[in-house]
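To be precise, the following lines are input_23.cif, and they hold mmCIF, C-alpha atoms.
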data_data
loop_
_atom_site.label_atom_id
_atom_site.label_comp_id
_atom_site.auth_asym_id
_atom_site.auth_seq_id
_atom_site.Cartn_x
_atom_site.Cartn_y
_atom_site.Cartn_z
CA MET F 1022 42.61 -2.80 -44.90
CA GLU F 1023 45.75 -1.24 -46.44
CA SER F 1024 43.67 1.37 -48.20
CA LEU F 1025 42.04 2.26 -44.87
CA GLN F 1026 45.41 2.55 -43.15
CA LYS F 1027 46.80 4.62 -46.03
CA LYS F 1028 43.79 6.93 -45.99
CA ALA F 1029 43.96 7.40 -42.22
CA ARG F 1030 47.68 8.08 -42.40
CA ALA F 1031 47.21 10.67 -45.12
CA LEU F 1032 44.44 12.42 -43.20
CA LEU F 1033 46.53 12.61 -40.03
CA GLU F 1034 49.67 13.71 -41.86
CA ALA F 1035 47.79 16.47 -43.63
CA ALA F 1036 46.15 17.40 -40.29
CA ALA F 1037 42.78 17.28 -42.07
CA VAL F 1038 41.48 15.57 -38.95
CA LYS F 1039 42.87 15.42 -35.43
CA VAL F 1040 41.80 11.87 -34.68
CA VAL F 1041 40.76 8.81 -36.65
CA ILE F 1042 38.34 6.59 -34.74
CA GLY F 1043 38.58 3.05 -36.00
CA TYR F 1044 39.02 -0.56 -34.96
CA THR F 1045 42.13 -2.39 -33.88
CA ALA F 1046 42.84 -5.96 -32.76
CA GLY F 1047 41.30 -6.76 -29.39
CA SER F 1048 42.35 -8.93 -26.49
CA ASP F 1049 41.69 -12.16 -28.39
CA ALA F 1050 41.20 -13.38 -31.95
CA GLU F 1051 37.44 -12.86 -31.81
CA ARG F 1052 37.39 -9.27 -30.66
CA ALA F 1053 38.19 -5.89 -32.04
CA ARG F 1054 38.42 -2.76 -29.94
CA PRO F 1055 38.18 0.91 -30.78
CA LEU F 1056 41.31 2.80 -31.66
CA PHE F 1057 41.70 6.56 -31.44
CA ALA F 1058 44.58 7.25 -33.81
CA ARG F 1059 45.99 10.72 -33.25
CA PHE F 1060 49.41 10.32 -34.91
CA PRO F 1061 50.17 9.11 -38.46
CA GLU F 1062 52.23 6.14 -37.22
CA GLN F 1063 49.19 4.80 -35.33
CA ALA F 1064 47.29 4.34 -38.60
CA GLN F 1065 48.94 0.97 -39.24
CA GLN F 1066 47.16 -0.48 -36.21
CA LEU F 1067 43.79 -0.03 -37.91
CA ILE F 1068 41.93 -3.15 -38.97
CA TYR F 1069 38.60 -3.80 -40.65
CA ASP F 1070 36.96 -7.23 -40.80
CA ALA F 1071 33.94 -9.14 -39.54
CA ARG F 1072 34.92 -8.54 -35.91
CA CYS F 1073 34.43 -4.81 -36.31
CA ARG F 1074 30.77 -4.60 -35.35
CA GLN F 1075 30.72 -1.91 -32.68
CA ASN F 1076 29.04 1.35 -33.66
CA LEU F 1077 31.87 3.85 -33.34
CA ALA F 1078 29.58 6.86 -33.75
CA THR F 1079 28.88 6.45 -30.03
CA TYR F 1080 32.18 8.20 -29.31
CA LEU F 1081 31.48 11.25 -31.45
CA LEU F 1082 29.38 12.92 -28.76
CA LYS F 1083 31.71 12.25 -25.84
CA PRO F 1084 33.18 15.53 -24.59
CA GLU F 1085 36.65 14.00 -24.24
CA VAL F 1086 36.58 12.90 -27.88
CA GLN F 1087 35.18 16.20 -29.09
CA ALA F 1088 37.98 17.95 -27.19
CA LEU F 1089 40.51 16.24 -29.47
CA GLY F 1090 39.28 18.19 -32.50
CA LYS F 1091 37.76 17.13 -35.79
CA ALA F 1092 37.33 13.36 -36.05
CA ALA F 1093 37.22 10.89 -38.90
CA VAL F 1094 35.30 7.74 -38.13
CA VAL F 1095 35.50 4.32 -39.75
CA ALA F 1096 31.89 3.69 -40.60
CA ARG F 1097 29.61 0.76 -41.22
CA PRO F 1098 26.24 1.71 -42.76
CA ALA F 1099 24.74 1.84 -39.24
CA THR F 1100 27.42 4.33 -38.20
CA LEU F 1101 26.44 6.57 -41.10
CA ARG F 1102 22.78 6.35 -40.09
CA THR F 1103 23.76 7.30 -36.54
CA ILE F 1104 25.52 10.43 -37.78
CA LEU F 1105 22.42 11.48 -39.73
CA GLN F 1106 20.21 10.80 -36.71
CA TYR F 1107 22.58 12.95 -34.59
CA ALA F 1108 22.01 15.67 -37.15
CA VAL F 1109 18.22 15.32 -36.81
CA GLU F 1110 18.58 15.56 -33.03
CA ASN F 1111 20.88 18.59 -33.29
CA ARG F 1112 23.85 16.78 -31.81
CA LEU F 1113 26.24 17.33 -34.70
CA VAL F 1114 26.66 20.17 -37.17
CA ASP F 1115 27.34 19.55 -40.82
CA GLU F 1116 30.95 18.77 -41.74
CA ALA F 1117 31.95 18.30 -38.10
CA VAL F 1118 32.81 14.67 -38.76
CA LEU F 1119 34.46 12.93 -41.67
CA ALA F 1120 32.97 9.49 -42.26
CA LEU F 1121 35.15 6.81 -43.82
CA ALA F 1122 32.56 4.40 -45.17
CA VAL F 1123 33.92 0.92 -45.80
CA GLY F 1124 32.27 -0.90 -48.70
CA ASP F 1125 31.79 -4.63 -49.17
CA ALA F 1126 35.06 -4.97 -51.08
CA GLY F 1127 36.93 -2.93 -48.48
CA GLU F 1128 36.94 0.23 -50.58
CA ILE F 1129 36.91 3.48 -48.63
CA THR F 1130 34.55 6.33 -49.44
CA GLU F 1131 35.18 9.68 -47.80
CA LEU F 1132 31.91 11.32 -46.83
CA ALA F 1133 32.47 14.87 -45.66
CA ASN F 1134 28.94 16.16 -45.18
CA PHE F 1135 25.38 15.05 -44.48
CA ALA F 1136 24.32 15.29 -48.12
CA ALA F 1137 27.08 12.87 -49.11
CA LEU F 1138 26.02 10.47 -46.35
CA GLU F 1139 22.41 10.56 -47.50
CA GLU F 1140 23.44 9.90 -51.07
CA TYR F 1141 25.67 6.98 -50.04
CA LEU F 1142 22.97 5.41 -47.86
CA ALA F 1143 20.33 5.76 -50.55
CA LYS F 1144 22.15 3.09 -52.58
CA LEU F 1145 22.20 0.53 -49.75
CA PRO F 1146 19.45 -1.94 -48.82
CA ARG F 1147 17.11 -0.80 -46.03
CA GLY F 1148 15.07 -2.29 -43.26
CA LEU F 1149 15.38 -5.43 -41.19
CA THR F 1150 17.10 -8.55 -42.48
CA THR F 1151 14.99 -11.60 -43.28
CA ALA F 1152 16.37 -13.44 -40.24
CA GLU F 1153 15.34 -10.59 -37.93
CA GLU F 1154 11.90 -10.37 -39.49
CA GLN F 1155 11.42 -14.11 -39.11
CA GLU F 1156 12.47 -14.02 -35.46
CA ILE F 1157 10.00 -11.21 -34.73
CA ALA F 1158 7.27 -13.07 -36.60
CA ARG F 1159 8.07 -16.27 -34.70
CA LEU F 1160 7.75 -14.52 -31.32
CA THR F 1161 4.66 -12.59 -32.36
CA GLY F 1162 3.07 -15.84 -33.49
CA MET F 1163 3.55 -17.53 -30.10
CA PRO F 1164 0.60 -17.70 -27.70
CA LEU F 1165 0.60 -14.83 -25.22
CA GLU F 1166 1.61 -16.90 -22.18
CA GLN F 1167 4.50 -18.44 -24.08
CA ARG F 1168 5.72 -15.02 -25.18
CA TRP F 1169 5.56 -13.75 -21.60
CA ALA F 1170 7.45 -16.84 -20.40
CA PHE F 1171 10.06 -16.38 -23.13
CA TRP F 1172 10.81 -12.76 -22.22
CA HIS F 1173 10.59 -13.49 -18.52
CA ALA F 1174 13.27 -16.18 -18.89
CA GLU F 1175 15.38 -13.99 -21.18
CA LEU F 1176 15.24 -10.90 -18.98
CA GLU F 1177 15.87 -12.93 -15.86
CA ARG F 1178 19.44 -13.25 -17.13
CA CYS F 1179 19.87 -9.47 -17.30
CA ILE F 1180 22.51 -8.40 -14.78
CA LYS F 1181 21.73 -4.67 -15.10
CA CYS F 1182 25.22 -3.81 -16.26
CA TYR F 1183 23.83 -1.21 -18.67
CA ALA F 1184 26.28 -2.28 -21.37
CA CYS F 1185 23.37 -1.91 -23.81
CA ARG F 1186 23.04 1.70 -22.73
CA ALA F 1187 26.77 2.34 -23.03
CA ALA F 1188 26.97 0.73 -26.47
CA CYS F 1189 23.92 2.48 -27.86
CA PRO F 1190 24.85 5.60 -29.83
CA LEU F 1191 21.43 7.14 -29.20
CA CYS F 1192 21.42 6.59 -25.41
CA TYR F 1193 23.35 9.79 -24.86
CA CYS F 1194 21.38 11.50 -22.06
CA THR F 1195 23.83 12.82 -19.51
CA ARG F 1196 21.37 11.88 -16.79
CA CYS F 1197 19.51 8.67 -17.48
CA ILE F 1198 16.22 7.74 -15.83
CA THR F 1199 18.05 4.80 -14.26
CA ASP F 1200 20.32 7.23 -12.43
CA VAL F 1201 17.39 9.11 -10.90
CA ASN F 1202 16.55 8.11 -7.34
CA GLN F 1203 14.02 10.77 -6.34
CA PRO F 1204 11.72 9.11 -7.28
CA GLN F 1205 13.38 5.78 -7.87
CA TRP F 1206 11.80 4.74 -11.18
CA LEU F 1207 13.79 1.56 -11.58
CA PRO F 1208 15.08 -0.73 -8.85
CA VAL F 1209 18.88 -0.69 -8.79
CA ALA F 1210 19.46 -4.40 -8.34
CA SER F 1211 18.76 -7.01 -10.97
CA SER F 1212 15.25 -8.31 -10.31
CA PRO F 1213 12.31 -9.50 -12.41
CA LEU F 1214 10.35 -6.25 -12.30
CA GLY F 1215 13.38 -4.00 -12.59
CA ASN F 1216 14.76 -5.92 -15.55
CA LEU F 1217 11.40 -5.80 -17.31
CA GLU F 1218 10.99 -2.09 -16.63
CA TRP F 1219 14.52 -1.23 -17.70
CA ASN F 1220 14.18 -3.03 -20.99
CA VAL F 1221 10.79 -1.46 -21.71
CA VAL F 1222 12.19 1.98 -20.91
CA ARG F 1223 15.21 1.42 -23.10
CA ALA F 1224 13.11 0.26 -26.03
CA MET F 1225 10.53 3.01 -25.65
CA HIS F 1226 13.09 5.82 -25.35
CA LEU F 1227 14.58 4.59 -28.63
CA ALA F 1228 11.27 4.06 -30.40
CA GLY F 1229 11.29 5.90 -33.69
CA ARG F 1230 14.96 6.85 -33.17
CA CYS F 1231 16.75 3.50 -33.23
CA ILE F 1232 18.89 3.26 -36.34
CA ASP F 1233 19.07 -0.52 -36.13
CA CYS F 1234 22.79 -1.10 -35.56
CA GLY F 1235 22.31 -4.02 -33.16
CA SER F 1236 25.09 -2.79 -30.86
CA CYS F 1237 22.91 -3.33 -27.79
CA ALA F 1238 22.60 -7.07 -28.37
CA ASP F 1239 26.28 -7.33 -29.34
CA ALA F 1240 27.25 -5.65 -26.08
CA CYS F 1241 24.96 -7.75 -23.87
CA PRO F 1242 27.22 -10.08 -21.87
CA GLU F 1243 24.29 -12.44 -21.38
CA GLY F 1244 23.47 -12.59 -25.06
CA ILE F 1245 19.87 -11.45 -24.59
CA ARG F 1246 18.25 -10.46 -27.89
CA ILE F 1247 17.26 -7.01 -26.61
CA ASP F 1248 17.70 -5.68 -30.13
CA LEU F 1249 14.42 -7.44 -31.00
CA LEU F 1250 12.55 -5.05 -28.70
CA ASN F 1251 13.99 -2.12 -30.60
CA ARG F 1252 13.44 -3.76 -33.94
CA VAL F 1253 9.80 -4.58 -33.32
CA LEU F 1254 9.20 -0.93 -32.43
CA ALA F 1255 11.16 0.23 -35.47
CA GLN F 1256 9.00 -2.03 -37.62
CA GLU F 1257 5.84 -0.64 -36.04
CA ALA F 1258 6.99 2.98 -36.33
CA GLN F 1259 7.80 2.36 -39.97
CA ALA F 1260 4.45 0.75 -40.68
CA GLN F 1261 2.39 3.32 -38.78
CA PHE F 1262 4.26 6.59 -39.27
CA GLY F 1263 6.66 5.84 -42.12
CA ALA F 1264 9.55 6.48 -39.74
CA GLU F 1265 12.96 5.67 -41.20
CA PRO F 1266 15.45 7.19 -38.78
CA GLY F 1267 18.97 7.66 -40.02
CA TYR F 1268 18.33 8.12 -43.72
CA SER F 1269 17.70 11.83 -43.92
CA THR F 1270 18.43 14.95 -41.90
CA ARG F 1271 15.09 16.41 -42.86
CA ARG F 1272 12.89 13.77 -41.24
CA GLU F 1273 11.27 14.52 -37.91
CA TYR F 1274 11.29 12.25 -34.87
CA ALA F 1275 8.08 10.25 -35.28
CA LEU F 1276 6.96 10.71 -31.67
CA SER F 1277 7.43 14.47 -31.55
CA THR F 1278 4.93 14.94 -34.33
CA PHE F 1279 1.51 13.51 -35.24
CA LYS F 1280 -1.14 13.27 -37.89
CA PRO F 1281 -4.76 13.98 -36.99
CA ASP F 1282 -5.73 10.75 -38.74
CA ASP F 1283 -3.28 8.40 -36.98
CA LYS F 1284 -4.88 4.98 -36.51
CA GLU F 1285 -6.86 4.68 -33.32
CA GLU F 1286 -9.01 1.58 -33.66
CA PHE F 1287 -7.74 0.45 -30.23
CA ILE F 1288 -9.13 3.53 -28.46
CA ARG F 1289 -12.69 3.28 -27.24
CA MET E 848 -13.14 -16.77 -9.52
CA PRO E 849 -16.56 -15.45 -8.53
CA ASP E 850 -15.42 -13.34 -5.54
CA PHE E 851 -12.52 -11.62 -7.24
CA GLU E 852 -12.80 -7.86 -7.48
CA PRO E 853 -10.15 -6.33 -9.75
CA ARG E 854 -8.16 -3.26 -8.82
CA ILE E 855 -8.23 -0.83 -11.73
CA VAL E 856 -6.02 2.25 -11.93
CA ALA E 857 -7.30 4.97 -14.22
CA PHE E 858 -4.93 7.62 -15.54
CA VAL E 859 -7.12 10.45 -16.74
CA CYS E 860 -6.66 13.97 -18.01
CA ASN E 861 -7.77 16.87 -15.90
CA TRP E 862 -9.83 18.62 -18.56
CA CYS E 863 -12.04 15.95 -20.08
CA THR E 864 -12.18 12.54 -18.47
CA TYR E 865 -11.83 13.74 -14.88
CA ALA E 866 -14.64 16.20 -15.47
CA GLY E 867 -16.56 13.47 -17.29
CA ALA E 868 -16.21 11.16 -14.31
CA ASP E 869 -17.36 14.03 -12.11
CA LEU E 870 -20.46 14.27 -14.28
CA THR E 871 -21.05 10.53 -13.83
CA GLY E 872 -21.21 11.20 -10.13
CA THR E 873 -23.39 14.30 -10.27
CA SER E 874 -25.70 12.47 -12.69
CA ARG E 875 -26.07 9.79 -9.99
CA ILE E 876 -24.98 7.03 -12.37
CA LYS E 877 -23.87 4.02 -10.40
CA TYR E 878 -20.79 2.22 -11.67
CA ALA E 879 -18.18 -0.33 -10.64
CA HIS E 880 -16.29 0.82 -7.56
CA ASN E 881 -13.06 -0.94 -8.63
CA VAL E 882 -11.46 2.09 -10.15
CA ARG E 883 -8.87 4.39 -8.54
CA MET E 884 -8.46 7.56 -10.54
CA ILE E 885 -5.22 9.44 -10.94
CA ARG E 886 -5.68 12.92 -12.35
CA LEU E 887 -2.95 14.27 -14.60
CA PRO E 888 -2.83 17.52 -16.57
CA CYS E 889 -3.07 15.88 -19.98
CA THR E 890 -2.86 12.49 -21.67
CA GLY E 891 0.45 13.74 -23.05
CA ARG E 892 1.71 13.61 -19.45
CA ILE E 893 0.83 9.94 -19.02
CA ASP E 894 4.28 8.40 -19.25
CA PHE E 895 4.36 4.68 -20.05
CA MET E 896 6.39 4.23 -16.86
CA LEU E 897 3.31 5.17 -14.83
CA LEU E 898 1.45 2.23 -16.35
CA LEU E 899 4.26 -0.16 -15.49
CA GLN E 900 4.37 1.24 -11.97
CA ALA E 901 0.65 0.65 -11.59
CA PHE E 902 0.95 -2.99 -12.63
CA GLY E 903 4.01 -3.34 -10.42
CA GLN E 904 2.11 -2.01 -7.43
CA GLY E 905 -0.79 -4.37 -7.78
CA ALA E 906 -3.17 -3.08 -10.43
CA ASP E 907 -5.06 -5.81 -12.25
CA GLY E 908 -6.09 -3.47 -15.02
CA ILE E 909 -5.46 0.05 -16.26
CA ILE E 910 -7.63 2.64 -17.96
CA VAL E 911 -6.00 5.51 -19.81
CA SER E 912 -8.36 8.23 -20.89
CA GLY E 913 -8.43 11.83 -22.02
CA CYS E 914 -9.95 14.34 -24.40
CA HIS E 915 -11.17 13.36 -27.84
CA PRO E 916 -8.79 14.24 -30.71
CA GLY E 917 -9.09 17.93 -31.43
CA ASP E 918 -10.39 18.76 -27.95
CA CYS E 919 -7.07 18.83 -26.10
CA HIS E 920 -6.73 21.75 -23.70
CA TYR E 921 -3.11 22.00 -24.81
CA THR E 922 -4.04 21.57 -28.50
CA SER E 923 -2.03 18.45 -29.30
CA GLY E 924 -1.18 16.51 -26.14
CA ASN E 925 -3.58 13.69 -26.93
CA PHE E 926 -2.33 13.38 -30.52
CA HIS E 927 1.20 12.87 -29.25
CA ALA E 928 -0.01 10.47 -26.58
CA ARG E 929 -1.86 8.44 -29.19
CA ARG E 930 1.31 7.84 -31.19
CA ARG E 931 3.16 6.77 -28.06
CA TRP E 932 0.37 4.38 -27.09
CA MET E 933 0.43 2.77 -30.54
CA LEU E 934 4.09 1.85 -30.11
CA PHE E 935 3.76 1.03 -26.42
CA ARG E 936 0.90 -1.38 -27.08
CA ARG E 937 2.95 -3.17 -29.73
CA LEU E 938 5.87 -3.52 -27.31
CA LEU E 939 3.68 -4.80 -24.45
CA ASP E 940 2.03 -7.29 -26.77
CA PHE E 941 5.40 -8.44 -28.08
CA MET E 942 6.60 -9.00 -24.52
CA GLY E 943 3.52 -10.99 -23.62
CA VAL E 944 1.56 -8.48 -21.53
CA ASP E 945 -2.17 -9.06 -21.96
CA LEU E 946 -3.52 -5.99 -23.75
CA ARG E 947 -7.03 -6.77 -22.54
CA ARG E 948 -5.87 -5.39 -19.21
CA VAL E 949 -5.17 -1.93 -20.62
CA THR E 950 -8.11 0.12 -21.87
CA PHE E 951 -7.60 3.28 -23.86
CA ALA E 952 -10.56 5.61 -24.26
CA TRP E 953 -11.56 9.13 -25.14
CA VAL E 954 -14.10 10.45 -22.65
CA SER E 955 -15.15 14.09 -22.83
CA ALA E 956 -16.46 16.20 -19.96
CA ALA E 957 -20.00 15.61 -21.26
CA GLU E 958 -19.72 11.82 -21.44
CA GLY E 959 -20.52 10.81 -17.90
CA ALA E 960 -22.49 7.79 -19.10
CA LYS E 961 -19.64 6.67 -21.35
CA TRP E 962 -17.21 6.78 -18.41
CA ALA E 963 -19.49 4.53 -16.37
CA GLU E 964 -19.74 2.15 -19.30
CA ILE E 965 -15.94 2.08 -19.81
CA VAL E 966 -15.30 1.29 -16.15
CA ASN E 967 -18.07 -1.31 -15.99
CA THR E 968 -16.81 -3.07 -19.11
CA ALA E 969 -13.21 -3.05 -17.88
CA ALA E 970 -14.26 -4.36 -14.47
CA ALA E 971 -16.36 -7.13 -16.02
CA ASP E 972 -13.52 -8.16 -18.37
CA LEU E 973 -10.97 -8.16 -15.55
CA ARG E 974 -13.22 -10.22 -13.29
CA LYS E 975 -13.06 -12.88 -15.98
CA LEU E 976 -9.28 -12.50 -16.50
CA GLY E 977 -8.56 -12.75 -12.77
CA PRO E 978 -5.77 -11.11 -10.77
CA TYR E 979 -2.58 -10.14 -12.62
CA ASP E 980 -0.27 -12.28 -10.52
CA ASP E 981 2.14 -12.90 -13.40
CA PHE E 982 3.40 -9.34 -13.30
CA PRO E 983 6.29 -8.88 -10.85
CA LYS E 984 5.35 -6.70 -7.90
CA ARG E 985 7.03 -3.99 -5.89
CA PHE E 986 6.15 -2.12 -2.74
CA VAL E 987 7.32 1.01 -1.03
CA GLU E 988 8.44 0.87 2.55
CA LYS E 989 9.19 3.66 4.99
CA VAL E 990 12.29 2.89 7.01
CA GLY E 991 12.81 5.80 9.38
CA LEU E 992 13.34 8.84 7.20
CA PHE E 993 13.91 6.82 4.07
CA THR E 994 11.60 5.53 1.38
CA VAL E 995 12.81 2.14 0.25
CA HIS E 996 11.57 0.35 -2.86
CA ARG E 997 11.49 -3.38 -2.57
CA GLU E 998 10.35 -6.09 -4.90
CA GLY E 999 7.95 -8.87 -4.08
CA GLU E 1000 4.77 -8.93 -2.07
CA ALA E 1001 4.47 -6.30 0.65
CA PRO E 1002 4.74 -7.75 4.16
CA ALA E 1003 1.68 -7.68 6.39
CA GLU E 1004 1.11 -4.33 8.10
CA PRO E 1005 2.48 -5.05 11.62
CA ASN E 1006 5.84 -6.03 10.18
CA VAL E 1007 6.25 -2.73 8.41
CA ALA E 1008 5.34 -0.82 11.57
CA ALA E 1009 7.79 -2.83 13.66
CA ARG E 1010 10.60 -2.28 11.21
CA THR E 1011 9.88 1.44 11.02
CA GLN E 1012 9.94 1.73 14.80
CA SER E 1013 13.18 -0.15 15.23
CA ALA E 1014 14.80 2.01 12.56
CA GLU E 1015 13.68 5.12 14.39
CA VAL E 1016 15.05 3.87 17.69
CA ALA E 1017 18.35 3.04 16.03
#
Represent the supplied structure as structure tokens.
Amino acid sequence: MESLQKKARALLEAAAVKVVIGYTAGSDAERARPLFARFPEQAQQLIYDARCRQNLATYLLKPEVQALGKAAVVARPATLRTILQYAVENRLVDEAVLALAVGDAGEITELANFAALEEYLAKLPRGLTTAEEQEIARLTGMPLEQRWAFWHAELERCIKCYACRAACPLCYCTRCITDVNQPQWLPVASSPLGNLEWNVVRAMHLAGRCIDCGSCADACPEGIRIDLLNRVLAQEAQAQFGAEPGYSTRREYALSTFKPDDKEEFIR
Amino acid sequence: MPDFEPRIVAFVCNWCTYAGADLTGTSRIKYAHNVRMIRLPCTGRIDFMLLLQAFGQGADGIIVSGCHPGDCHYTSGNFHARRRWMLFRRLLDFMGVDLRRVTFAWVSAAEGAKWAEIVNTAAADLRKLGPYDDFPKRFVEKVGLFTVHREGEAPAEPNVAARTQSAEVA
């Protein structure tokens, strides 16, 4: 933590960056909240521990953050993947952001460009965790009716707060389909059909793009495992198209391309 | 459920399947009358939201059909659609939607007989599966000048008329 504070302080003092986006203590012992440190003396408020789960890359595209000038961001591996996915989607140019990757032992690695990010990520483990894979397998193994009942009960708790959308770094459309009312694609109020449709839309619009940070489920006030919807699609996109979003700037979005011999045994 | 007749919504592309279904008709091939066709420019245009909307508005089954790979009028629309369907099917299955209710097919403009066979098979399967009551429903209501989307079963016709009239008077 001290090394992070020292690094942030040095960067701000040298004016190498205009803002350091990191974590600071939240409203209670269990929470951390984002900190936008713009002056060297603010660096001492930075923390980094198990509470710091939010994907801070979300802020990099906000106009009000971009207006501050060049940013350094305290980065978990998922944050680094987000930055590379932003590059693929032409949201960030190279060297626009300085990533401060925090290692397992708390050591800080400065990653100034996309190539450095790719190199850093190449050394880390990939894919879903065993627990996530088991949960997906457990649900997939259920009989159809039981699976429907499970998701129906889960999504019934959805209050349509769109915290998942706000927390997701890749939900950055300035006008979301949920905001469109001519035609009204999704009912505004929380209701069985609307909740189902919203969660399908969210998962599908992230299919092949989701960099697996889990921020959506962390943000859900009802604790719905909506990340599983994204993860099952990520698994499928990986198996079918070899999609691994967030690991390289040279990979295409799996759904904007195709292979003539994609599997089609389900088409009659 | 011997008397049940399923409602099938077919999303088809303008260039192949719609023309193919036209050929079914001009060839005087008789097929199940359960299908309502919606013609779209290309399978690439068939957004997954349209399928959800169809189920939400009372479809018991859905057929999605377009040009064979390589025959797309816009060169690659069906290839892109195919990738989307692969993921969409996985998601629906994971969420417990019965995939037997959604048929994907390639039907060219020359395959009038195949179209009849696709619809007949889907209708026969859906007769066995029964109505899709599990899926939450929505309906669209005209209230004066406004179109209002509501969830649940649509009220019987007179109710809607009465409400529309009172809104106009107000």
Open item on the list: Starting from the PyMOL selection byres ((chain F) within 8 of (chain E)), expand the selection into actual residues of this file and give them as a PyMOL selection string.
Closed with: chain F and resi 1160-1161+1165-1170+1172+1205-1206+1208+1212-1214+1218+1221-1222+1225+1228+1250+1253-1254+1257-1258+1276-1281+1283+1285+1287-1289
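Residues captured in this structure file are Trp1172, His1173, Ala1174, Glu1175, Glu1177, Arg1178, Cys1179, Pro1213, Asn1216, Leu1217 and Ile1245 of chain F, according to the PyMOL selection byres ((chain F and resi 1176) around 8).
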TODO: Please return, as a count of residues only, all polymer residues that have at least one atom within 10 Å of the point (15.1, 8.0, -29.2); use all atoms listed in the file and the file's own coordinate frame.
DONE: 19
Task: Result set, the PyMOL selection byres ((chain E and resi 853) around 9) on current file, as number ranges by chain - done: E: 851-852, 854-855, 881-882, 906-908, 970-971, 973-974, 977-979
TODO: Could you please determine the separation between CA of Leu1077 (chain F) and CA of Ala1188 (chain F) in Å, to one decimal place?
DONE: 9.0 Å
Task: Residues within 12 Å of (29.3, 13.1, -27.5), file coords, only C-alpha atoms, listed as a PyMOL selection string - done: chain F and resi 1077-1089+1092+1104+1107+1111-1113+1118+1187+1189-1195
Some atoms are missing, so please complete region 978-989 of chain E with N, CA and C atoms and return it as a JSON list (two decimals), in the frame of the given file.
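And here's part_18.json as it stands now:
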[["chain", "number", "residue", "atom", "x", "y", "z"],
["E", 978, "PRO", "N", -6.83, -12.01, -11.22],
["E", 978, "PRO", "CA", -5.77, -11.11, -10.77],
["E", 978, "PRO", "C", -4.53, -11.23, -11.65],
["E", 979, "TYR", "N", -3.77, -10.13, -11.76],
["E", 979, "TYR", "CA", -2.58, -10.14, -12.62],
["E", 979, "TYR", "C", -1.37, -10.55, -11.78],
["E", 980, "ASP", "N", -1.35, -11.81, -11.38],
["E", 980, "ASP", "CA", -0.27, -12.28, -10.52],
["E", 980, "ASP", "C", 1.03, -12.50, -11.27],
["E", 981, "ASP", "N", 0.93, -12.66, -12.61],
["E", 981, "ASP", "CA", 2.14, -12.90, -13.40],
["E", 981, "ASP", "C", 3.11, -11.73, -13.35],
["E", 982, "PHE", "N", 2.55, -10.53, -13.24],
["E", 982, "PHE", "CA", 3.40, -9.34, -13.30],
["E", 982, "PHE", "C", 4.19, -9.21, -12.01],
["E", 983, "PRO", "N", 5.51, -9.03, -12.08],
["E", 983, "PRO", "CA", 6.29, -8.88, -10.85],
["E", 983, "PRO", "C", 5.84, -7.67, -10.05],
["E", 984, "LYS", "N", 5.90, -7.77, -8.74],
["E", 984, "LYS", "CA", 5.35, -6.70, -7.90],
["E", 984, "LYS", "C", 6.45, -5.97, -7.12],
["E", 985, "ARG", "N", 6.14, -4.75, -6.76],
["E", 985, "ARG", "CA", 7.03, -3.99, -5.89],
["E", 985, "ARG", "C", 6.21, -3.30, -4.82],
["E", 986, "PHE", "N", 6.85, -2.92, -3.75],
["E", 986, "PHE", "CA", 6.15, -2.12, -2.74],
["E", 986, "PHE", "C", 7.11, -1.09, -2.18],
["E", 987, "VAL", "N", 6.53, -0.08, -1.58],
["E", 987, "VAL", "CA", 7.32, 1.01, -1.03],
["E", 987, "VAL", "C", 7.25, 0.93, 0.48],
["E", 988, "GLU", "N", 8.40, 1.03, 1.11],
["E", 988, "GLU", "CA", 8.44, 0.87, 2.55],
["E", 988, "GLU", "C", 9.11, 2.09, 3.15],
["E", 989, "LYS", "N", 8.56, 2.55, 4.27],
["E", 989, "LYS", "CA", 9.19, 3.66, 4.99],
["E", 989, "LYS", "C", 10.10, 3.05, 6.05]]
